[in-house]
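**Student:** Just so it is clear, I am handing over input-v2.cif, which has mmCIF, C-alpha atoms.
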data_upload
#
loop_
_atom_site.label_atom_id
_atom_site.label_comp_id
_atom_site.auth_asym_id
_atom_site.auth_seq_id
_atom_site.Cartn_x
_atom_site.Cartn_y
_atom_site.Cartn_z
CA MET A 18 57.51 102.38 94.17
CA VAL A 19 56.71 105.86 92.81
CA SER A 20 54.48 107.74 95.22
CA ARG A 21 50.92 108.78 94.45
CA PRO A 22 51.83 112.51 94.66
CA PHE A 23 54.47 111.99 92.00
CA ALA A 24 52.01 110.09 89.83
CA ILE A 25 49.66 113.07 90.10
CA ALA A 26 52.47 115.47 89.24
CA PHE A 27 53.52 113.34 86.29
CA ALA A 28 49.94 113.22 85.04
CA ALA A 29 49.77 117.01 85.34
CA ILE A 30 53.00 117.41 83.35
CA PHE A 31 51.73 115.03 80.67
CA LEU A 32 48.40 116.76 80.47
CA GLY A 33 50.16 120.13 80.31
CA SER A 34 52.19 118.95 77.33
CA PHE A 35 49.08 117.64 75.66
CA GLY A 36 47.34 120.97 76.25
CA LEU A 37 50.23 122.80 74.59
CA ALA A 38 50.00 120.55 71.55
CA GLN A 39 46.30 121.28 71.39
CA SER A 40 47.02 125.03 71.57
CA ASN A 41 49.41 124.86 68.62
CA SER A 42 46.78 123.02 66.62
CA ALA A 43 44.21 125.58 67.64
CA LEU A 44 46.47 128.44 66.44
CA ALA A 45 46.81 126.71 63.11
CA ASP A 46 43.02 126.60 62.96
CA LYS A 47 42.92 130.29 64.00
CA THR A 48 41.02 129.46 67.19
CA GLU A 49 41.73 130.66 70.72
CA PRO A 50 44.31 128.36 72.50
CA LYS A 51 43.37 126.82 75.83
CA PRO A 52 45.52 127.88 78.82
CA VAL A 53 48.04 125.31 80.07
CA PRO A 54 47.42 124.45 83.74
CA PRO A 55 50.40 125.17 86.00
CA THR A 56 52.30 122.26 87.53
CA ARG A 57 53.86 122.22 90.98
CA ALA A 58 57.48 121.41 91.73
CA LEU A 59 58.27 117.91 92.99
CA SER A 60 59.10 117.53 96.66
CA ALA A 61 62.47 116.18 97.81
CA GLU A 62 60.81 112.88 98.72
CA GLU A 63 59.16 112.58 95.32
CA ARG A 64 62.46 113.25 93.57
CA GLY A 65 64.08 110.61 95.77
CA ASP A 66 61.35 108.12 94.91
CA ILE A 67 62.04 108.68 91.22
CA MET A 68 65.74 108.03 91.74
CA MET A 69 64.96 104.86 93.70
CA ALA A 70 62.73 103.63 90.89
CA ARG A 71 65.63 104.24 88.50
CA LYS A 72 68.05 102.45 90.88
CA MET A 73 70.05 105.66 91.24
CA TYR A 74 70.54 105.16 94.95
CA ARG A 75 73.18 107.78 95.67
CA GLU A 76 71.09 110.42 93.94
CA ALA A 77 68.07 109.20 95.91
CA ILE A 78 69.97 109.65 99.18
CA GLU A 79 70.90 113.21 98.19
CA ALA A 80 67.30 114.01 97.34
CA PHE A 81 65.87 112.52 100.53
CA ASP A 82 68.56 114.15 102.64
CA SER A 83 67.80 117.58 101.17
CA ASP A 84 64.37 117.58 102.79
CA PRO A 85 64.64 119.74 105.95
CA GLN A 86 61.60 118.02 107.49
CA LYS A 87 62.90 114.51 108.14
CA THR A 88 60.20 111.99 109.00
CA ALA A 89 60.49 108.36 110.07
CA VAL A 90 59.45 107.33 106.56
CA LEU A 91 62.16 109.51 105.01
CA TYR A 92 64.87 108.13 107.31
CA ASN A 93 63.73 104.62 106.45
CA LYS A 94 63.92 105.36 102.73
CA ILE A 95 67.48 106.65 103.11
CA GLY A 96 68.30 103.44 104.96
CA ILE A 97 66.84 101.38 102.12
CA ALA A 98 68.95 103.28 99.58
CA TYR A 99 72.10 102.57 101.59
CA HIS A 100 70.95 98.96 101.96
CA GLN A 101 70.76 98.66 98.17
CA LEU A 102 74.32 100.00 97.99
CA GLN A 103 75.33 97.27 100.46
CA GLN A 104 76.42 99.92 102.95
CA LEU A 105 74.89 98.05 105.83
CA ASP A 106 76.21 100.17 108.70
CA ASN A 107 74.82 103.34 107.12
CA ALA A 108 71.56 101.54 106.39
CA ARG A 109 71.20 100.47 110.02
CA LYS A 110 72.02 103.99 111.24
CA TYR A 111 69.14 105.46 109.26
CA TYR A 112 66.74 102.68 110.20
CA GLU A 113 67.55 103.45 113.83
CA ARG A 114 66.89 107.14 113.20
CA ALA A 115 63.53 106.14 111.76
CA LEU A 116 62.80 104.23 114.96
CA LYS A 117 63.84 107.18 117.10
CA ALA A 118 61.34 109.33 115.17
CA LYS A 119 58.63 106.65 115.43
CA ARG A 120 59.22 103.98 118.05
CA ASP A 121 56.53 101.62 116.76
CA TYR A 122 57.76 101.66 113.14
CA ALA A 123 57.57 97.97 112.26
CA GLU A 124 59.12 98.34 108.81
CA ALA A 125 62.27 99.89 110.28
CA LEU A 126 62.49 97.08 112.84
CA ASN A 127 62.18 94.51 110.06
CA ASN A 128 64.84 96.28 108.02
CA ILE A 129 67.27 96.34 110.94
CA GLY A 130 66.63 92.60 111.18
CA THR A 131 67.63 92.16 107.54
CA VAL A 132 70.88 94.08 108.20
CA TYR A 133 71.75 91.72 111.04
CA TYR A 134 70.76 88.74 108.87
CA ALA A 135 73.15 89.94 106.14
CA LYS A 136 75.87 90.22 108.79
CA LYS A 137 75.08 86.63 109.85
CA SER A 138 73.98 87.82 113.29
CA TYR A 139 70.92 85.62 113.23
CA ARG A 140 69.98 85.89 116.91
CA ARG A 141 69.71 89.68 116.60
CA ALA A 142 67.84 89.37 113.32
CA ILE A 143 65.29 87.07 114.97
CA SER A 144 64.91 89.50 117.86
CA TYR A 145 64.10 92.41 115.54
CA TYR A 146 61.69 90.36 113.43
CA GLN A 147 59.86 89.35 116.60
CA LYS A 148 59.69 92.99 117.72
CA ALA A 149 58.24 93.94 114.33
CA LEU A 150 55.63 91.19 114.58
CA ARG A 151 54.47 92.42 117.98
CA ILE A 152 53.50 95.63 116.17
CA THR A 153 52.27 94.11 112.90
CA PRO A 154 51.21 90.52 113.66
CA GLU A 155 49.61 90.16 110.22
CA SER A 156 52.79 90.76 108.19
CA ALA A 157 53.49 87.75 105.96
CA SER A 158 56.86 89.12 104.82
CA VAL A 159 58.15 89.54 108.39
CA TYR A 160 57.00 86.02 109.29
CA SER A 161 58.82 84.79 106.19
CA ASN A 162 61.99 86.63 107.24
CA LEU A 163 61.69 85.24 110.77
CA GLY A 164 61.28 81.73 109.38
CA THR A 165 64.40 82.08 107.25
CA ALA A 166 66.51 83.31 110.16
CA LEU A 167 65.24 80.42 112.31
CA PHE A 168 65.88 78.00 109.46
CA VAL A 169 69.51 79.09 109.15
CA ARG A 170 69.90 78.44 112.89
CA LYS A 171 68.54 74.94 112.20
CA LYS A 172 65.41 75.55 114.29
CA TYR A 173 63.35 73.78 111.70
CA ASP A 174 60.13 73.30 113.68
CA GLU A 175 60.01 76.99 114.67
CA ALA A 176 60.92 78.01 111.13
CA THR A 177 58.13 75.85 109.71
CA GLU A 178 55.65 77.42 112.13
CA ALA A 179 56.70 80.92 111.03
CA TYR A 180 56.48 79.95 107.36
CA GLN A 181 53.02 78.46 107.86
CA LYS A 182 51.82 81.70 109.44
CA ALA A 183 53.29 83.67 106.52
CA LEU A 184 51.57 81.37 104.03
CA ALA A 185 48.23 81.62 105.86
CA ILE A 186 48.37 85.42 105.72
CA ASP A 187 49.57 85.63 102.10
CA PRO A 188 49.41 82.48 99.93
CA GLU A 189 51.84 84.08 97.44
CA VAL A 190 54.42 85.29 99.96
CA PHE A 191 57.15 82.88 98.81
CA GLU A 192 56.62 83.74 95.15
CA ARG A 193 57.45 87.40 95.67
CA ARG A 194 60.94 88.82 95.64
CA SER A 195 61.27 91.49 98.31
CA ASN A 196 64.16 93.89 97.84
CA TYR A 197 64.87 93.98 101.54
CA GLY A 198 63.61 90.66 102.83
CA THR A 199 65.94 87.80 103.64
CA MET A 200 66.53 85.02 101.16
CA LEU A 201 68.53 81.79 101.19
CA GLU A 202 70.53 82.45 98.04
CA ASP A 203 73.58 83.26 100.16
CA ARG A 204 73.51 79.89 101.88
CA ASN A 205 74.89 76.59 100.62
CA VAL A 206 73.06 74.31 98.20
CA ALA A 207 72.21 71.70 100.83
CA GLU A 208 70.37 74.29 102.92
CA ARG A 209 68.47 75.57 99.89
CA ALA A 210 67.47 72.00 99.02
CA LYS A 211 66.13 71.46 102.54
CA PHE A 212 64.42 74.87 102.46
CA HIS A 213 62.57 73.93 99.27
CA TYR A 214 61.66 70.54 100.75
CA TYR A 215 59.93 72.31 103.64
CA LEU A 216 58.12 74.65 101.25
CA ALA A 217 56.97 71.66 99.20
CA LYS A 218 55.68 70.07 102.40
CA MET A 219 53.77 73.19 103.42
CA TYR A 220 52.19 73.68 100.01
CA ALA A 221 51.21 70.00 99.91
CA LYS A 222 49.63 70.29 103.36
CA SER A 223 47.58 73.29 102.22
CA GLY A 224 46.37 71.42 99.13
CA ARG A 225 48.28 73.53 96.60
CA ASN A 226 49.61 70.61 94.62
CA ASP A 227 50.94 72.68 91.73
CA MET A 228 53.21 74.69 94.03
CA ALA A 229 54.15 71.60 96.01
CA LEU A 230 55.30 69.85 92.83
CA GLN A 231 57.30 72.91 91.84
CA TYR A 232 59.22 72.86 95.13
CA VAL A 233 59.67 69.10 95.10
CA ARG A 234 61.41 69.58 91.76
CA LYS A 235 63.56 72.42 93.12
CA ALA A 236 64.55 70.41 96.18
CA LEU A 237 65.61 67.45 94.06
CA GLU A 238 67.48 69.63 91.57
CA GLU A 239 69.41 71.20 94.43
CA GLY A 240 70.48 67.80 95.69
CA PHE A 241 67.89 66.77 98.30
CA LYS A 242 68.89 63.17 98.95
CA ASP A 243 66.22 61.72 101.19
CA LYS A 244 63.53 60.83 98.65
CA LYS A 245 61.89 58.53 101.18
CA LYS A 246 60.53 61.59 102.94
CA PHE A 247 58.44 62.40 99.87
CA GLU A 248 57.16 58.81 99.84
CA GLU A 249 56.52 58.52 103.59
CA GLU A 250 55.54 61.94 104.95
CA PRO A 251 51.73 62.19 105.34
CA GLU A 252 51.67 65.71 103.86
CA PHE A 253 52.62 64.26 100.46
CA GLN A 254 49.90 61.60 100.44
CA ALA A 255 47.70 63.42 97.90
CA LEU A 256 50.70 64.04 95.64
CA ARG A 257 51.72 60.40 95.52
CA THR A 258 48.79 59.56 93.21
CA LEU A 259 49.84 62.16 90.63
CA PRO A 260 51.81 61.05 87.54
CA GLU A 261 53.94 64.21 87.72
CA PHE A 262 55.02 63.37 91.26
CA LYS A 263 55.79 59.76 90.35
CA ASP A 264 57.93 60.95 87.43
CA LEU A 265 59.87 63.35 89.68
CA ILE A 266 60.61 60.66 92.26
CA ALA A 267 61.53 58.07 89.62
CA ALA A 268 63.81 60.37 87.65
CA GLU A 269 67.41 61.22 88.39
CA PRO A 270 67.18 65.01 88.45
CA ARG A 271 69.97 67.13 87.04
CA VAL A 272 71.51 68.72 90.13
CA LEU A 273 72.03 72.42 89.57
#
Show me the file's structure as structure tokens.

**Tutor:**
Amino acid sequence: MVSRPFAIAFAAIFLGSFGLAQSNSALADKTEPKPVPPTRALSAEERGDIMMARKMYREAIEAFDSDPQKTAVLYNKIGIAYHQLQQLDNARKYYERALKAKRDYAEALNNIGTVYYAKKSYRRAISYYQKALRITPESASVYSNLGTALFVRKKYDEATEAYQKALAIDPEVFERRSNYGTMLEDRNVAERAKFHYYLAKMYAKSGRNDMALQYVRKALEEGFKDKKKFEEEPEFQALRTLPEFKDLIAAEPRVL
């Protein structure tokens, strides 16, 4: 995301250009041109933010690294750029530098967790997510990441509890695509099918039938075999009266 200071600088540049155009018009009308307000130079962090927005991650690293006053936020941003380049060891190194600069930096803890998740070191990932949550207990995205790591370790009850907390904090948490959060796309189809079954169950329990139906469909399309669960689990009771649900259960879905 482009920072607010950059947005201000950009607005100043744009307004400066507009002022110059006005001055040319004024000259043509033989009136006195208005002075163009000066604009300040962008900081190293602002230049890095621009490069990140453009997905120019190496250039972003160079810009961030050129700032002589390294802060925890800056170290974390360098880590994120390396993370995007899939250079996980470098990413972790800078996240750890961010933590050294600010020991209670929950975002850096979460990001270290995502590095360990990517390396399939799920125990360590869980540990870092839990540390992050002790600092920011109202973070839906960290609860979601924790749930996914627990899910991969087949701790389904604990994963469901984490997902429910994430959903209670942010009802749209599973509809967002975090650049640095964990996902299940790297797992096999059977696990994704089960994952979407659990999401369908949670949405049904919370009364969000539209989202529940969406994830029932996804689970079936990804090969979820045990249809009886949809017909027997109490969470799906309200769905069972809906024609859309009946059609999904009756159909033979095209497995993706």

**Student:** Determine the nearest neighbour of Phe262 of chain A from the options A:Arg234, A:Lys182, A:Lys136, A:Lys148, counting all atoms listed in the file.

**Tutor:**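 Of the candidates, the smallest distance to Phe262 of chain A is held by A:Arg234.
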
**Student:** Skip Thr153 of chain A itself and residues of its chain fewer than 6 positions away, then list as a PyMOL selection string all residues within 12 Å of it, counting all atoms listed in the file.

**Tutor:** chain A and resi 121-127+146-147+159-160+186

**Student:** List the neighbours of Met68 of chain A out to 10 Å using only C-alpha atoms; skip same-chain residues closer than 2 positions along the sequence, and give me the result as an NGL selection string.

**Tutor:** :A and (19 or 62-66 or 70-81 or 98)

**Student:** At what distance in Å, to one decimal, does atom CA of Ala210 of chain A lie from atom CA of Gly130 of chain A?

**Tutor:**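 Here the two named atoms are 23.9 Å from each other.
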
**Student:** Atom CA of Leu230 of chain A and atom CA of Leu259 of chain A, how far apart in Å?

**Tutor:**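 Taking atom CA of Leu259 of chain A and atom CA of Leu230 of chain A, their separation equals 9.7 Å.
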
**Student:** Can you find the residues with an atom no farther than 12 Å from (54.6, 61.2, 98.7), counting only C-alpha atoms, and report them as a ChimeraX atom specification?

**Tutor:** /A:214,217-218,221-222,226,229-230,233,243-267

**Student:** Report, in Å to a single decimal, how far apart atom CA of Arg57 of chain A and atom CA of Asp82 of chain A are.

**Tutor:**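 Separation between atom CA of Asp82 of chain A and atom CA of Arg57 of chain A: 20.4 Å.
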
**Student:** Choose the residue, out of A:Ala142, A:Leu237, A:Ile67, A:Met219, that has the smallest atom-to-atom separation from Glu178 of chain A; count all atoms listed in the file.

**Tutor:**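 With all atoms listed in the file as the atom set, the closest residue is A:Met219.
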
**Student:** I would like the residues chosen by the PyMOL selection byres ((chain A and resi 106) around 12) on the shown file; could you give them as an MDAnalysis selection string?

**Tutor:** chainID A and resid 96:97 99:105 107:113 129 131:133 135:136

**Student:** Quick one: residues within 9 Å of segment 161-166 of chain A, all atoms listed in the file counted, chain neighbours fewer than 2 positions away excluded, as a PyMOL selection string?

**Tutor:** chain A and resi 127+130-131+134+139-140+142-147+156-159+168-173+175-184+190-191+198-201+212

**Student:** For Lys211 of chain A, list every protein, DNA or RNA residue within 9 Å, evaluated using only C-alpha atoms, and leave out those in the same chain fewer than 3 positions away; present the list as a ChimeraX atom specification.

**Tutor:** /A:206-208,214-216,236,239-241

**Student:** Which is closer to Lys117 of chain A than all the others in A:Ser223, A:Gln231, A:Ser138, A:Thr88, using only C-alpha atoms?

**Tutor:**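 Ranked by minimum distance to Lys117 of chain A, first place goes to A:Thr88.
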